[in-house]
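Participant: I have a structure I would like to understand better, so I am pasting it below and will then ask my questions one at a time.
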Amino acid sequence: MNVLIPTPLRSYTGQRVVEASGSTLGAVLADLDRKFPGIRFRMINEQDRMRPHVRFFVNGKQVFDPSQPLSPTDEVVIVQALSGG
Amino acid sequence: MTTRTRNTLRAKAARRLVVLVATRKGAWLYHGDARRKSWRSDGPHLLGHMVNHLVLDQRDGRTLLMAAKTGHLGPTIFRSTDLGRSWKEAVRPPAFNKAPDGQPGRAVDHTFWLTPGHASEPGSWYAGTSPQGLFRSDDGGVTWDPFSPINDDPKYRKWMGTVQDGTPDGPKLHSIIVDPRDPAHLYFAMSGGGVHESVDRGQSWTPIVAGLEVVEGLDAANIAFHDPHCIRLCPGNPDRLYQQNHCGIYRLDRPSNEWVRIGRRMPRRIGDVGFPIVVHPRDPEKVWVFPMDGGSVWPRTSPGGVPAVYVTRNGGKTWRPAAAGLPQGQAWWTVKRQAMTSDANDPVGLYFGTTSGELWISGDEGQQWDCIAAHLPEIYAVEVAAPA
């Protein structure tokens, strides 16, 4: 499936949209980390919790649980939350 | 001091130096000539990253580690072995152990402090984090693991307190010190959470807080209430440590375990509150501090808007200002705990970076100061090193 990468993480991917696979959001993030080492830890902490300013959307709907099932045609969008400072 | 120690600590012959500046928005390197007269700016590196510490490994003169995160992404460590021409991210940055199911666990918000390991252990590094955690790498910063039992020790977790007990930017583990005579002899400090010593390579730790004062109304017997801001070990006498604490300036002469408040001799109108403390690379009697306004609401500015370094040349018996060249007034900045340092030349060069983004140096041990950079982002840390 296609995964839209936010600008702060494009130093890892070099591309705006990348291909990744997995049956859950967590599996897709693990696949991204295999392809782009280090990228997952910038979004998910060591307790497997989403970091405060990173948001995940599947087909336009925000997802809070990494175990959310995905199908191969889903589109994943990773967004850097709007927050000042 | 033995003859051998004295010889080891002879002033370094003038070498080209690089000043490593870590800021809230990236890192800069200032390359100087051997006379410290001209400086070439190189930066920004990793623009937009909050860089808490940037340290060159003096054992190999080439491994440069940067503790960084952005406002939106998690923390990491960047590495360079070509003085910043290229950067590569650590494969496994510092991270706490995964908590058992059902328990919240802790997550590293940022790495705050980096210390190269002992000279006999090439490639070893220590890192202190916020919230407080202690980590070690044995491969030059590529991979990191929790170090020693303290990260998950219930007693230490209690002393570390919560986010509410720490500094405004989060509670920090800092001042990781390796005894140059013994790689098993370590110190670290926590804001808040006291000063701690290990003599068995970090397997066990003992608090050293006797003699330290705490904020009025709190119980000094509670380790959690101690707030050391910066600890330095004297290369000229590794049995002597100095400390800038939330509640004064202190000296510790081992084997004693009792700190002595030497800041009482500071001018009363200036006080002895501050963040950084710098020791002379050879003379254990010489120490520099940068006092801060610790009155009423803790404005964290120079007292009266008049920034000044203060120096003691007799181990804290007397203090005098060393401020020639610094602004005479209306300068409402201060210097953070890692943002002041020295080189090992003779005379010693001193360096500090300000919360307003200025970089100041003195090539004569603080007698005269010059601003070599301005308009940088808020400076978090300044280190100086002699690259290979």
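Identifiers in this document derive from the order of the structure tokens: chains are assigned A, B, ..., residues are numbered from 1 separately in each chain, and ligands are numbered from 1 in order of occurrence.
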Using only C-alpha atoms, determine which residues of chain A fall within 10 Å of chain B; present them as a ChimeraX atom specification.

Facilitator: /A:8-9,12,37-54,80-85

Participant: Can you pull out the residues contacting Gly22 in chain A? Cut-off 8 Å, using only C-alpha atoms, and skip same-chain residues under 4 positions away; I want them as a list in words.

Facilitator: Gly26, Ala27, Val28, Asp31, Leu70 and Pro72 of chain A

Participant: Convert the current residue selection to file output with N, CA and C atoms, as a PDB file, in the first residue's frame.

Facilitator:
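Full text of again_13.pdb as output:
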```
ATOM      1  N   GLY A  26       0.659  -1.424  12.730  1.00  0.00           N
ATOM      2  CA  GLY A  26       1.942  -1.712  13.368  1.00  0.00           C
ATOM      3  C   GLY A  26       2.874  -2.469  12.440  1.00  0.00           C
ATOM      4  N   ALA A  27       2.307  -3.410  11.674  1.00  0.00           N
ATOM      5  CA  ALA A  27       3.127  -4.201  10.743  1.00  0.00           C
ATOM      6  C   ALA A  27       3.648  -3.326   9.609  1.00  0.00           C
ATOM      7  N   VAL A  28       2.834  -2.382   9.175  1.00  0.00           N
ATOM      8  CA  VAL A  28       3.285  -1.458   8.121  1.00  0.00           C
ATOM      9  C   VAL A  28       4.438  -0.595   8.627  1.00  0.00           C
ATOM     10  N   ASP A  31       7.495  -2.604   8.670  1.00  0.00           N
ATOM     11  CA  ASP A  31       8.032  -2.756   7.306  1.00  0.00           C
ATOM     12  C   ASP A  31       8.769  -1.471   6.877  1.00  0.00           C
ATOM     13  N   LEU A  70      -5.413  -3.707   8.379  1.00  0.00           N
ATOM     14  CA  LEU A  70      -5.360  -2.978   7.112  1.00  0.00           C
ATOM     15  C   LEU A  70      -5.519  -3.956   5.965  1.00  0.00           C
ATOM     16  N   PRO A  72      -4.643  -4.458   1.636  1.00  0.00           N
ATOM     17  CA  PRO A  72      -3.586  -3.990   0.727  1.00  0.00           C
ATOM     18  C   PRO A  72      -3.943  -2.741  -0.056  1.00  0.00           C
TER      19      PRO A  72
END
```

Participant: Residues at most 6 Å from Leu350 in chain B, counting only C-alpha atoms, excluding those fewer than 3 positions away in the same chain, as a tab-separated table (two decimals) with C-alpha atoms, in the first residue's frame?

Facilitator:
```
chain	number	residue	atom	x	y	z
B	341	THR	CA	33.56	25.05	29.07
B	342	SER	CA	37.33	25.39	28.78
B	361	ILE	CA	35.30	33.31	24.31
B	362	SER	CA	38.20	34.38	26.45
```

Participant: Quick one: residues within 12 Å of Pro377 in chain B, only C-alpha atoms counted, chain neighbours fewer than 4 positions away excluded, as a PyMOL selection string?

Facilitator: chain B and resi 21-28+43-44+47-51+353-359+373+381

Participant: Name the residues in contact with Pro303 in chain B at a cut-off of 12 Å, using only C-alpha atoms, excluding same-chain residues fewer than 4 positions from it; report them as a PyMOL selection string.

Facilitator: chain B and resi 267-274+290-295+298-299+307-309+328-334

Participant: Can you tell me, as number ranges by chain, what residues are no more than 8 Å from Asn59 in chain A when counting only C-alpha atoms, ignoring any on the same chain fewer than 3 positions away?

Facilitator: A: 74-77

Participant: Can you write just those residues out, N, CA and C atoms, as a PDB file, in the first residue's frame?

Facilitator:
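Okay, this is what ended up in result_35.pdb:
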```
ATOM      1  N   ASP A  74      -5.606  -0.133   1.213  1.00  0.00           N
ATOM      2  CA  ASP A  74      -5.742   1.035   2.093  1.00  0.00           C
ATOM      3  C   ASP A  74      -4.624   2.034   1.815  1.00  0.00           C
ATOM      4  N   GLU A  75      -4.942   3.300   2.105  1.00  0.00           N
ATOM      5  CA  GLU A  75      -3.922   4.331   1.996  1.00  0.00           C
ATOM      6  C   GLU A  75      -3.610   4.861   3.398  1.00  0.00           C
ATOM      7  N   VAL A  76      -2.350   4.849   3.740  1.00  0.00           N
ATOM      8  CA  VAL A  76      -1.917   5.320   5.064  1.00  0.00           C
ATOM      9  C   VAL A  76      -1.277   6.693   4.906  1.00  0.00           C
ATOM     10  N   VAL A  77      -1.713   7.608   5.743  1.00  0.00           N
ATOM     11  CA  VAL A  77      -1.132   8.954   5.745  1.00  0.00           C
ATOM     12  C   VAL A  77      -0.568   9.223   7.139  1.00  0.00           C
TER      13      VAL A  77
END
```

Participant: So that I can check the surroundings of Thr7 in chain A, please list as a list in words every protein, DNA and RNA residue that reaches within 9 Å of it, counting only C-alpha atoms and ignoring chain neighbours fewer than 2 positions away.

Facilitator: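 Residues meeting the cut-off are Ile5, Leu9, Arg10, Ser11, Arg16, Val79 and Gln80 of chain A.
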
Participant: Kindly give the distance, in Å, that separates CA of Trp39 in chain B and CA of Trp87 in chain B, rounded to a single decimal.

Facilitator: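 Spanning CA of Trp39 in chain B to CA of Trp87 in chain B is a straight-line distance of 22.4 Å.
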